[in-house]
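The structure under discussion appears below in the form of structure tokens.
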Amino acid sequence: MTSQILEFNSMTTIGFFGAGRMGASLVRTLAKSGHEVHVWNRTAAKAEALAPFGVQPKLTPEAAAAEAEIVFVNLIDYAASDAQLRKPEVTQTLKGKLLVQLTSGSPKAARDTGAWATGHGIAYLDGAIMATPNVIGEPETLILFAGSKSRYQKHERVFVALGGKSAFLSEDFGAASALDSALLGQMWGTLFGTLQALAINRAENINADTYATYLKLVQPVIDGAERDLMQRVRDGRDRGDDETFATIAAHNVALQHLRHINAERGLNPVLADAFDSLFRTAIQNGHVGDDFAILARFMRAP
């Protein structure tokens, strides 16, 4: 079925709102893939700069959408997006078309926009770009989509052109945004952890190559702990047992060493203090002998 879909409709007329760094990369990729792209941007010069790529700049969003079958939106935030989409003349032009929202926002914002679009006779997909502008169109680039499954399938060729790993998640409009936030949380956790490690390395004169060498050796332990955590939370096995790698008590002792280094060397304590807050909450609730997975219970606000 997928191959038949991909063979269908090789050229699509596309409207595009937004020609910033990411938007421009998306527009160039669509044009390079053989689609006719009409683009509007609040600063007209940015849209006009895309003309050499075969793109048609338009002076208004409704003009960019008028002849399109699909309209993409990639603006700074949902407030900027709503300011354009909910203009009566734009809303009217979008009726019967597929609106693809690639503006970053919360799952609630995505669901609200999806409900608004559906209520006005507009098919809707909410997308989350898991990539930077320089890799748009690459085979390994991932873009997540949620919303109208039938429209995603109909135009799958367009979405795969933007990212070879593009995937449809769910008809829940908020699903792509939610998974985006979860994956970014994972990324930031790693990057912030790296910042903490680099601060210690500098303070203690640990050579960067030495650190990289030993990080590689420890990485399997880190990966194994992550897999174990995910499986335990999934299965509800958050109490300490014979297979627990380290209890809350053991983790907490090691964390206090990190807090001492921060204090001794004048390093920013904010990350270690945040970790400490979770450990203290778990200990105060009687979980000193339980698995690290018990902390999942305390990730919701009190």
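Going by the structure tokens order, chains are called A, B, ..., each with residues numbered from 1, while ligands are numbered from 1 in the order shown.
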
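Counting only C-alpha atoms, A:Thr43 has the following residues at most 12 Å away, ignoring those fewer than 6 positions along the same chain: Phe17, Gly18, Ala19, Gly20, Ala49, Pro57, Lys58, Leu59, Thr60, Pro61 and Leu75 of chain A.
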
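Running DSSP on the backbone and keeping only strand (DSSP E or B), the residues of stretch 158-252 of chain A that qualify are Ala167, Phe168, Leu169, Ser170 and Thr247 of chain A.
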
Just-selected residues, all heavy atoms written as a PDB file, in the first residue's frame:
```
ATOM      1  N   ALA A 167       7.531   9.905  10.253  1.00  0.00           N
ATOM      2  CA  ALA A 167       6.651   8.851  10.743  1.00  0.00           C
ATOM      3  C   ALA A 167       5.334   9.425  11.231  1.00  0.00           C
ATOM      4  O   ALA A 167       5.298  10.492  11.840  1.00  0.00           O
ATOM      5  CB  ALA A 167       7.342   8.090  11.877  1.00  0.00           C
ATOM      6  N   PHE A 168       4.254   8.676  10.965  1.00  0.00           N
ATOM      7  CA  PHE A 168       2.941   9.020  11.499  1.00  0.00           C
ATOM      8  C   PHE A 168       2.761   8.291  12.819  1.00  0.00           C
ATOM      9  O   PHE A 168       2.943   7.076  12.904  1.00  0.00           O
ATOM     10  CB  PHE A 168       1.837   8.626  10.520  1.00  0.00           C
ATOM     11  CG  PHE A 168       0.461   8.946  11.033  1.00  0.00           C
ATOM     12  CD1 PHE A 168      -0.059  10.223  10.877  1.00  0.00           C
ATOM     13  CD2 PHE A 168      -0.300   7.984  11.685  1.00  0.00           C
ATOM     14  CE1 PHE A 168      -1.319  10.538  11.354  1.00  0.00           C
ATOM     15  CE2 PHE A 168      -1.561   8.293  12.170  1.00  0.00           C
ATOM     16  CZ  PHE A 168      -2.071   9.572  12.005  1.00  0.00           C
ATOM     17  N   LEU A 169       2.372   9.035  13.877  1.00  0.00           N
ATOM     18  CA  LEU A 169       2.262   8.455  15.211  1.00  0.00           C
ATOM     19  C   LEU A 169       0.848   8.067  15.590  1.00  0.00           C
ATOM     20  O   LEU A 169       0.599   6.960  16.075  1.00  0.00           O
ATOM     21  CB  LEU A 169       2.781   9.458  16.259  1.00  0.00           C
ATOM     22  CG  LEU A 169       4.267   9.766  16.267  1.00  0.00           C
ATOM     23  CD1 LEU A 169       4.555  10.839  17.306  1.00  0.00           C
ATOM     24  CD2 LEU A 169       5.073   8.516  16.545  1.00  0.00           C
ATOM     25  N   SER A 170      -0.091   8.995  15.431  1.00  0.00           N
ATOM     26  CA  SER A 170      -1.405   8.807  16.025  1.00  0.00           C
ATOM     27  C   SER A 170      -2.372   9.842  15.460  1.00  0.00           C
ATOM     28  O   SER A 170      -1.957  10.878  14.932  1.00  0.00           O
ATOM     29  CB  SER A 170      -1.312   8.984  17.544  1.00  0.00           C
ATOM     30  OG  SER A 170      -2.578   9.090  18.151  1.00  0.00           O
ATOM     31  N   THR A 247      20.529   0.947  45.121  1.00  0.00           N
ATOM     32  CA  THR A 247      19.367   1.507  45.813  1.00  0.00           C
ATOM     33  C   THR A 247      19.430   3.031  45.832  1.00  0.00           C
ATOM     34  O   THR A 247      20.471   3.634  45.510  1.00  0.00           O
ATOM     35  CB  THR A 247      19.311   1.007  47.259  1.00  0.00           C
ATOM     36  OG1 THR A 247      20.480   1.493  47.947  1.00  0.00           O
ATOM     37  CG2 THR A 247      19.250  -0.513  47.330  1.00  0.00           C
TER      38      THR A 247
END
```

Requested in this report: Tell me which protein, DNA and RNA residues are within 7 Å of A:Ala146, counting only C-alpha atoms, leaving out same-chain ones fewer than 4 positions away, and put them as a list in words.
Outcome: Leu125, Asp126, Gly127, Phe168, Leu169, Ser170, Glu171, Asp172, Phe173, Gly174, Ala175 and Ala176 of chain A

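Residue neighbourhood of A:Leu258, excluding near-sequence residues (fewer than 2 positions): Gln196, Ala197, Ile200, Asn252, Val253, Ala254, Leu255, Gln256, His260, Ile261, Asn262, Ala263, Glu264, Pro269, Ala272 and Asp273 of chain A, at 10 Å, using only C-alpha atoms.
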
Requested in this report: Find the residues around A:Ser150 up to 12 Å (only C-alpha atoms counted), leave out those fewer than 2 positions away in its own chain, and share them as a list of chain:residue names.
Outcome: A:Thr2, A:Ile5, A:Leu98, A:Ala123, A:Tyr124, A:Leu125, A:Ala146, A:Gly147, A:Ser148, A:Tyr152, A:Gln153, A:Lys154, A:His155, A:Glu156, A:Phe168, A:Ser170, A:Glu171

Can I get the selected residues back with all heavy atoms, as a tab-separated table (two decimals), in the first residue's frame?
```tsv
chain	number	residue	atom	x	y	z
A	2	THR	N	1.93	1.25	0.82
A	2	THR	CA	2.79	2.43	0.91
A	2	THR	C	3.42	2.77	-0.43
A	2	THR	O	3.48	3.92	-0.84
A	2	THR	CB	3.89	2.20	1.97
A	2	THR	OG1	3.29	1.95	3.22
A	2	THR	CG2	4.80	3.42	2.05
A	5	ILE	N	1.02	4.51	-2.59
A	5	ILE	CA	0.82	5.89	-2.15
A	5	ILE	C	1.97	6.76	-2.64
A	5	ILE	O	1.78	7.86	-3.13
A	5	ILE	CB	0.73	5.96	-0.61
A	5	ILE	CG1	-0.55	5.27	-0.16
A	5	ILE	CG2	0.73	7.40	-0.13
A	5	ILE	CD1	-0.62	5.06	1.34
A	98	LEU	N	-5.19	20.58	3.42
A	98	LEU	CA	-4.46	19.98	4.54
A	98	LEU	C	-3.54	21.04	5.13
A	98	LEU	O	-2.68	21.59	4.44
A	98	LEU	CB	-3.63	18.79	4.08
A	98	LEU	CG	-2.66	18.20	5.13
A	98	LEU	CD1	-3.41	17.70	6.35
A	98	LEU	CD2	-1.81	17.09	4.52
A	123	ALA	N	-8.37	19.85	7.11
A	123	ALA	CA	-7.66	18.66	7.59
A	123	ALA	C	-6.38	19.12	8.29
A	123	ALA	O	-5.75	20.11	7.88
A	123	ALA	CB	-7.33	17.73	6.43
A	124	TYR	N	-5.97	18.39	9.33
A	124	TYR	CA	-4.87	18.90	10.15
A	124	TYR	C	-3.86	17.82	10.51
A	124	TYR	O	-4.22	16.70	10.91
A	124	TYR	CB	-5.42	19.50	11.44
A	124	TYR	CG	-4.38	20.17	12.32
A	124	TYR	CD1	-3.80	21.38	11.96
A	124	TYR	CD2	-3.96	19.57	13.51
A	124	TYR	CE1	-2.86	21.98	12.76
A	124	TYR	CE2	-3.00	20.17	14.32
A	124	TYR	CZ	-2.45	21.38	13.94
A	124	TYR	OH	-1.51	21.99	14.74
A	125	LEU	N	-2.59	18.17	10.38
A	125	LEU	CA	-1.48	17.37	10.89
A	125	LEU	C	-0.59	18.28	11.72
A	125	LEU	O	-0.27	19.40	11.30
A	125	LEU	CB	-0.64	16.78	9.75
A	125	LEU	CG	-1.17	15.52	9.06
A	125	LEU	CD1	-0.35	15.23	7.80
A	125	LEU	CD2	-1.11	14.31	10.00
A	146	ALA	N	1.17	13.81	13.62
A	146	ALA	CA	-0.03	13.29	14.27
A	146	ALA	C	-1.24	14.06	13.74
A	146	ALA	O	-1.14	15.25	13.44
A	146	ALA	CB	0.07	13.45	15.78
A	147	GLY	N	-2.36	13.36	13.63
A	147	GLY	CA	-3.58	14.01	13.14
A	147	GLY	C	-4.29	13.17	12.10
A	147	GLY	O	-4.59	12.00	12.35
A	148	SER	N	-4.51	13.73	10.92
A	148	SER	CA	-5.26	13.05	9.87
A	148	SER	C	-4.41	11.95	9.21
A	148	SER	O	-3.52	12.24	8.42
A	148	SER	CB	-5.72	14.05	8.80
A	148	SER	OG	-6.31	13.36	7.71
A	152	TYR	N	-2.09	12.06	5.74
A	152	TYR	CA	-0.66	11.72	5.82
A	152	TYR	C	-0.32	10.66	4.78
A	152	TYR	O	0.68	10.78	4.05
A	152	TYR	CB	-0.28	11.23	7.22
A	152	TYR	CG	1.18	10.83	7.30
A	152	TYR	CD1	2.15	11.78	7.59
A	152	TYR	CD2	1.59	9.53	7.05
A	152	TYR	CE1	3.50	11.44	7.62
A	152	TYR	CE2	2.92	9.17	7.08
A	152	TYR	CZ	3.88	10.12	7.37
A	152	TYR	OH	5.22	9.77	7.38
A	153	GLN	N	-1.14	9.62	4.71
A	153	GLN	CA	-0.87	8.54	3.76
A	153	GLN	C	-0.94	9.03	2.32
A	153	GLN	O	-0.12	8.65	1.48
A	153	GLN	CB	-1.87	7.40	3.98
A	153	GLN	CG	-1.65	6.66	5.30
A	153	GLN	CD	-2.70	5.60	5.54
A	153	GLN	OE1	-3.85	5.73	5.10
A	153	GLN	NE2	-2.33	4.55	6.24
A	154	LYS	N	-1.90	9.89	2.05
A	154	LYS	CA	-2.05	10.40	0.68
A	154	LYS	C	-0.82	11.18	0.24
A	154	LYS	O	-0.40	11.09	-0.92
A	154	LYS	CB	-3.29	11.30	0.60
A	154	LYS	CG	-3.51	11.92	-0.77
A	154	LYS	CD	-4.74	12.80	-0.79
A	154	LYS	CE	-4.93	13.43	-2.17
A	154	LYS	NZ	-6.12	14.32	-2.23
A	155	HIS	N	-0.24	11.94	1.17
A	155	HIS	CA	0.88	12.82	0.81
A	155	HIS	C	2.21	12.36	1.42
A	155	HIS	O	3.10	13.17	1.64
A	155	HIS	CB	0.57	14.25	1.26
A	155	HIS	CG	-0.63	14.84	0.61
A	155	HIS	ND1	-0.67	15.16	-0.72
A	155	HIS	CD2	-1.86	15.16	1.12
A	155	HIS	CE1	-1.86	15.66	-1.02
A	155	HIS	NE2	-2.60	15.66	0.08
A	156	GLU	N	2.33	11.08	1.69
A	156	GLU	CA	3.53	10.57	2.36
A	156	GLU	C	4.81	10.93	1.61
A	156	GLU	O	5.85	11.19	2.20
A	156	GLU	CB	3.43	9.06	2.55
A	156	GLU	CG	4.53	8.50	3.44
A	156	GLU	CD	4.33	7.03	3.78
A	156	GLU	OE1	3.31	6.44	3.34
A	156	GLU	OE2	5.19	6.47	4.47
A	168	PHE	N	4.25	8.68	10.96
A	168	PHE	CA	2.94	9.02	11.50
A	168	PHE	C	2.76	8.29	12.82
A	168	PHE	O	2.94	7.08	12.90
A	168	PHE	CB	1.84	8.63	10.52
A	168	PHE	CG	0.46	8.95	11.03
A	168	PHE	CD1	-0.06	10.22	10.88
A	168	PHE	CD2	-0.30	7.98	11.68
A	168	PHE	CE1	-1.32	10.54	11.35
A	168	PHE	CE2	-1.56	8.29	12.17
A	168	PHE	CZ	-2.07	9.57	12.00
A	170	SER	N	-0.09	8.99	15.43
A	170	SER	CA	-1.41	8.81	16.02
A	170	SER	C	-2.37	9.84	15.46
A	170	SER	O	-1.96	10.88	14.93
A	170	SER	CB	-1.31	8.98	17.54
A	170	SER	OG	-2.58	9.09	18.15
A	171	GLU	N	-3.66	9.56	15.58
A	171	GLU	CA	-4.66	10.55	15.21
A	171	GLU	C	-4.93	11.54	16.34
A	171	GLU	O	-5.72	12.47	16.17
A	171	GLU	CB	-5.94	9.84	14.78
A	171	GLU	CG	-5.73	9.08	13.47
A	171	GLU	CD	-7.01	8.56	12.85
A	171	GLU	OE1	-7.60	7.64	13.43
A	171	GLU	OE2	-7.41	9.09	11.78
```

Query raised in the report: Can you list, as a ChimeraX atom specification, every protein, DNA or RNA residue that comes within 7 Å of stretch 132-142 of chain A when you count only C-alpha atoms, leaving out same-chain residues fewer than 3 positions away?
Result: /A:21-22,25-26,29,129,161-166

Could those residues be written to a file, using N, CA, C and O atoms, as a PDB file, in the first residue's frame?
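Okay, result.pdb is ready:
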```pdb
ATOM      1  N   ARG A  21      15.139  30.383   9.266  1.00  0.00           N
ATOM      2  CA  ARG A  21      16.198  29.429   8.930  1.00  0.00           C
ATOM      3  C   ARG A  21      15.628  28.029   8.679  1.00  0.00           C
ATOM      4  O   ARG A  21      15.955  27.388   7.689  1.00  0.00           O
ATOM      5  N   MET A  22      14.777  27.559   9.583  1.00  0.00           N
ATOM      6  CA  MET A  22      14.181  26.232   9.382  1.00  0.00           C
ATOM      7  C   MET A  22      13.193  26.253   8.228  1.00  0.00           C
ATOM      8  O   MET A  22      13.191  25.362   7.369  1.00  0.00           O
ATOM      9  N   SER A  25      14.854  26.163   4.868  1.00  0.00           N
ATOM     10  CA  SER A  25      15.395  24.844   4.552  1.00  0.00           C
ATOM     11  C   SER A  25      14.300  23.891   4.103  1.00  0.00           C
ATOM     12  O   SER A  25      14.461  23.132   3.140  1.00  0.00           O
ATOM     13  N   LEU A  26      13.159  23.941   4.775  1.00  0.00           N
ATOM     14  CA  LEU A  26      12.018  23.111   4.382  1.00  0.00           C
ATOM     15  C   LEU A  26      11.520  23.482   2.985  1.00  0.00           C
ATOM     16  O   LEU A  26      11.249  22.609   2.154  1.00  0.00           O
ATOM     17  N   THR A  29      13.899  22.347   0.248  1.00  0.00           N
ATOM     18  CA  THR A  29      13.827  20.899   0.071  1.00  0.00           C
ATOM     19  C   THR A  29      12.582  20.503  -0.695  1.00  0.00           C
ATOM     20  O   THR A  29      12.627  19.635  -1.583  1.00  0.00           O
ATOM     21  N   ILE A 129       9.682  18.527  14.312  1.00  0.00           N
ATOM     22  CA  ILE A 129      10.920  18.315  13.557  1.00  0.00           C
ATOM     23  C   ILE A 129      12.033  17.940  14.527  1.00  0.00           C
ATOM     24  O   ILE A 129      12.478  18.760  15.329  1.00  0.00           O
ATOM     25  N   ALA A 161      10.125  13.337   1.730  1.00  0.00           N
ATOM     26  CA  ALA A 161      11.106  14.221   1.088  1.00  0.00           C
ATOM     27  C   ALA A 161      11.754  15.151   2.108  1.00  0.00           C
ATOM     28  O   ALA A 161      12.925  15.503   1.990  1.00  0.00           O
ATOM     29  N   LEU A 162      11.005  15.543   3.133  1.00  0.00           N
ATOM     30  CA  LEU A 162      11.542  16.440   4.161  1.00  0.00           C
ATOM     31  C   LEU A 162      12.426  15.711   5.155  1.00  0.00           C
ATOM     32  O   LEU A 162      13.351  16.292   5.741  1.00  0.00           O
ATOM     33  N   GLY A 163      12.140  14.444   5.375  1.00  0.00           N
ATOM     34  CA  GLY A 163      12.934  13.634   6.297  1.00  0.00           C
ATOM     35  C   GLY A 163      12.689  12.172   6.016  1.00  0.00           C
ATOM     36  O   GLY A 163      11.548  11.703   6.075  1.00  0.00           O
ATOM     37  N   GLY A 164      13.742  11.442   5.677  1.00  0.00           N
ATOM     38  CA  GLY A 164      13.594  10.053   5.263  1.00  0.00           C
ATOM     39  C   GLY A 164      13.002   9.147   6.318  1.00  0.00           C
ATOM     40  O   GLY A 164      12.459   8.087   6.008  1.00  0.00           O
ATOM     41  N   LYS A 165      13.104   9.551   7.590  1.00  0.00           N
ATOM     42  CA  LYS A 165      12.545   8.752   8.683  1.00  0.00           C
ATOM     43  C   LYS A 165      11.216   9.326   9.193  1.00  0.00           C
ATOM     44  O   LYS A 165      10.786   8.981  10.296  1.00  0.00           O
ATOM     45  N   SER A 166      10.586  10.178   8.414  1.00  0.00           N
ATOM     46  CA  SER A 166       9.317  10.764   8.837  1.00  0.00           C
ATOM     47  C   SER A 166       8.320   9.663   9.178  1.00  0.00           C
ATOM     48  O   SER A 166       8.258   8.631   8.510  1.00  0.00           O
TER      49      SER A 166
END
```

Query - Nearby residues (only C-alpha atoms) at most 9 Å from A:Ala246, same-chain spacing under 5 positions excluded, as an MDAnalysis selection string - result: chainID A and resid 240 251 289:292

Those same residues - all heavy atoms - I'd like them written as an mmCIF file, in the first residue's frame.
```cif
data_model
loop_
_atom_site.group_PDB
_atom_site.id
_atom_site.type_symbol
_atom_site.label_atom_id
_atom_site.label_comp_id
_atom_site.auth_asym_id
_atom_site.auth_seq_id
_atom_site.Cartn_x
_atom_site.Cartn_y
_atom_site.Cartn_z
ATOM 1 N N GLY A 240 12.936 -2.009 45.499
ATOM 2 C CA GLY A 240 14.224 -2.692 45.491
ATOM 3 C C GLY A 240 14.031 -4.197 45.492
ATOM 4 O O GLY A 240 13.134 -4.720 46.158
ATOM 5 N N HIS A 251 22.779 5.511 45.527
ATOM 6 C CA HIS A 251 22.844 6.638 44.598
ATOM 7 C C HIS A 251 23.043 7.949 45.361
ATOM 8 O O HIS A 251 23.830 8.810 44.943
ATOM 9 C CB HIS A 251 21.552 6.724 43.774
ATOM 10 C CG HIS A 251 21.507 5.811 42.602
ATOM 11 N ND1 HIS A 251 22.245 6.017 41.456
ATOM 12 C CD2 HIS A 251 20.779 4.673 42.377
ATOM 13 C CE1 HIS A 251 21.989 5.071 40.572
ATOM 14 N NE2 HIS A 251 21.098 4.229 41.108
ATOM 15 N N GLY A 289 15.607 2.152 50.469
ATOM 16 C CA GLY A 289 16.114 0.866 49.993
ATOM 17 C C GLY A 289 15.553 0.435 48.657
ATOM 18 O O GLY A 289 15.799 -0.694 48.225
ATOM 19 N N ASP A 290 14.820 1.322 47.990
ATOM 20 C CA ASP A 290 14.183 0.945 46.722
ATOM 21 C C ASP A 290 15.053 1.294 45.523
ATOM 22 O O ASP A 290 16.088 1.951 45.630
ATOM 23 C CB ASP A 290 12.816 1.615 46.610
ATOM 24 C CG ASP A 290 11.779 0.944 47.501
ATOM 25 O OD1 ASP A 290 11.875 -0.288 47.688
ATOM 26 O OD2 ASP A 290 10.891 1.644 48.015
ATOM 27 N N ASP A 291 14.601 0.836 44.365
ATOM 28 C CA ASP A 291 15.328 1.032 43.113
ATOM 29 C C ASP A 291 15.243 2.488 42.649
ATOM 30 O O ASP A 291 14.299 3.213 42.997
ATOM 31 C CB ASP A 291 14.733 0.124 42.043
ATOM 32 C CG ASP A 291 15.603 0.006 40.807
ATOM 33 O OD1 ASP A 291 15.463 0.861 39.897
ATOM 34 O OD2 ASP A 291 16.417 -0.920 40.749
ATOM 35 N N PHE A 292 16.211 2.910 41.841
ATOM 36 C CA PHE A 292 16.203 4.249 41.250
ATOM 37 C C PHE A 292 14.872 4.539 40.562
ATOM 38 O O PHE A 292 14.405 5.680 40.529
ATOM 39 C CB PHE A 292 17.353 4.379 40.250
ATOM 40 C CG PHE A 292 17.556 5.770 39.711
ATOM 41 C CD1 PHE A 292 18.401 6.666 40.346
ATOM 42 C CD2 PHE A 292 16.898 6.189 38.561
ATOM 43 C CE1 PHE A 292 18.590 7.956 39.850
ATOM 44 C CE2 PHE A 292 17.076 7.471 38.063
ATOM 45 C CZ PHE A 292 17.920 8.351 38.715
#
```

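In this structure, atom CA of A:Asp235 sits 19.3 Å away from atom CA of A:Ala282.
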
Query raised in the report: Where does DSSP see helix (DSSP H, G or I) in stretch 41-262 of chain A, if you list the residues as number ranges by chain?
Result: A: 44-48, 51-53, 61-66, 78-85, 88-94, 107-119, 133-135, 149-154, 156-162, 175-203, 208-235, 248-262

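The interatomic distance for the pair atom CA of A:Leu184 and atom CA of A:Asp209 works out to 27.1 Å.
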
What are the closest atom pairs, with distances in Å to one decimal, for all residues of stretch 26-93 of chain A lying within 8 Å of stretch 100-120 of chain A? Consider only C-alpha atoms, order rows by chain and residue number, and present the result as CSV.
```
residue,atom,partner,partner_atom,distance
A:Ile70,CA,A:Val100,CA,7.2
A:Val71,CA,A:Val100,CA,6.0
A:Phe72,CA,A:Val100,CA,4.7
A:Val73,CA,A:Gln101,CA,5.0
A:Asn74,CA,A:Thr103,CA,4.7
A:Leu75,CA,A:Thr103,CA,5.5
A:Ile76,CA,A:Thr103,CA,6.6
A:Asp77,CA,A:Thr103,CA,5.8
A:Tyr78,CA,A:Gly105,CA,6.3
A:Ser81,CA,A:Thr103,CA,7.5
A:Thr91,CA,A:His120,CA,7.5
```

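The smallest atom-to-atom distance between A:Ala66 and any of A:Met11, A:Ala182, A:Val233, A:Val90, using only C-alpha atoms, is found for A:Val90.
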
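Counting only C-alpha atoms and comparing A:Ala128, A:Leu271, A:Met230, A:Ile143, the residue that lies closest to A:Arg259 is A:Leu271.
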
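Put simply, atom CA of A:Gly193 is 25.7 Å away from atom CA of A:Arg239.
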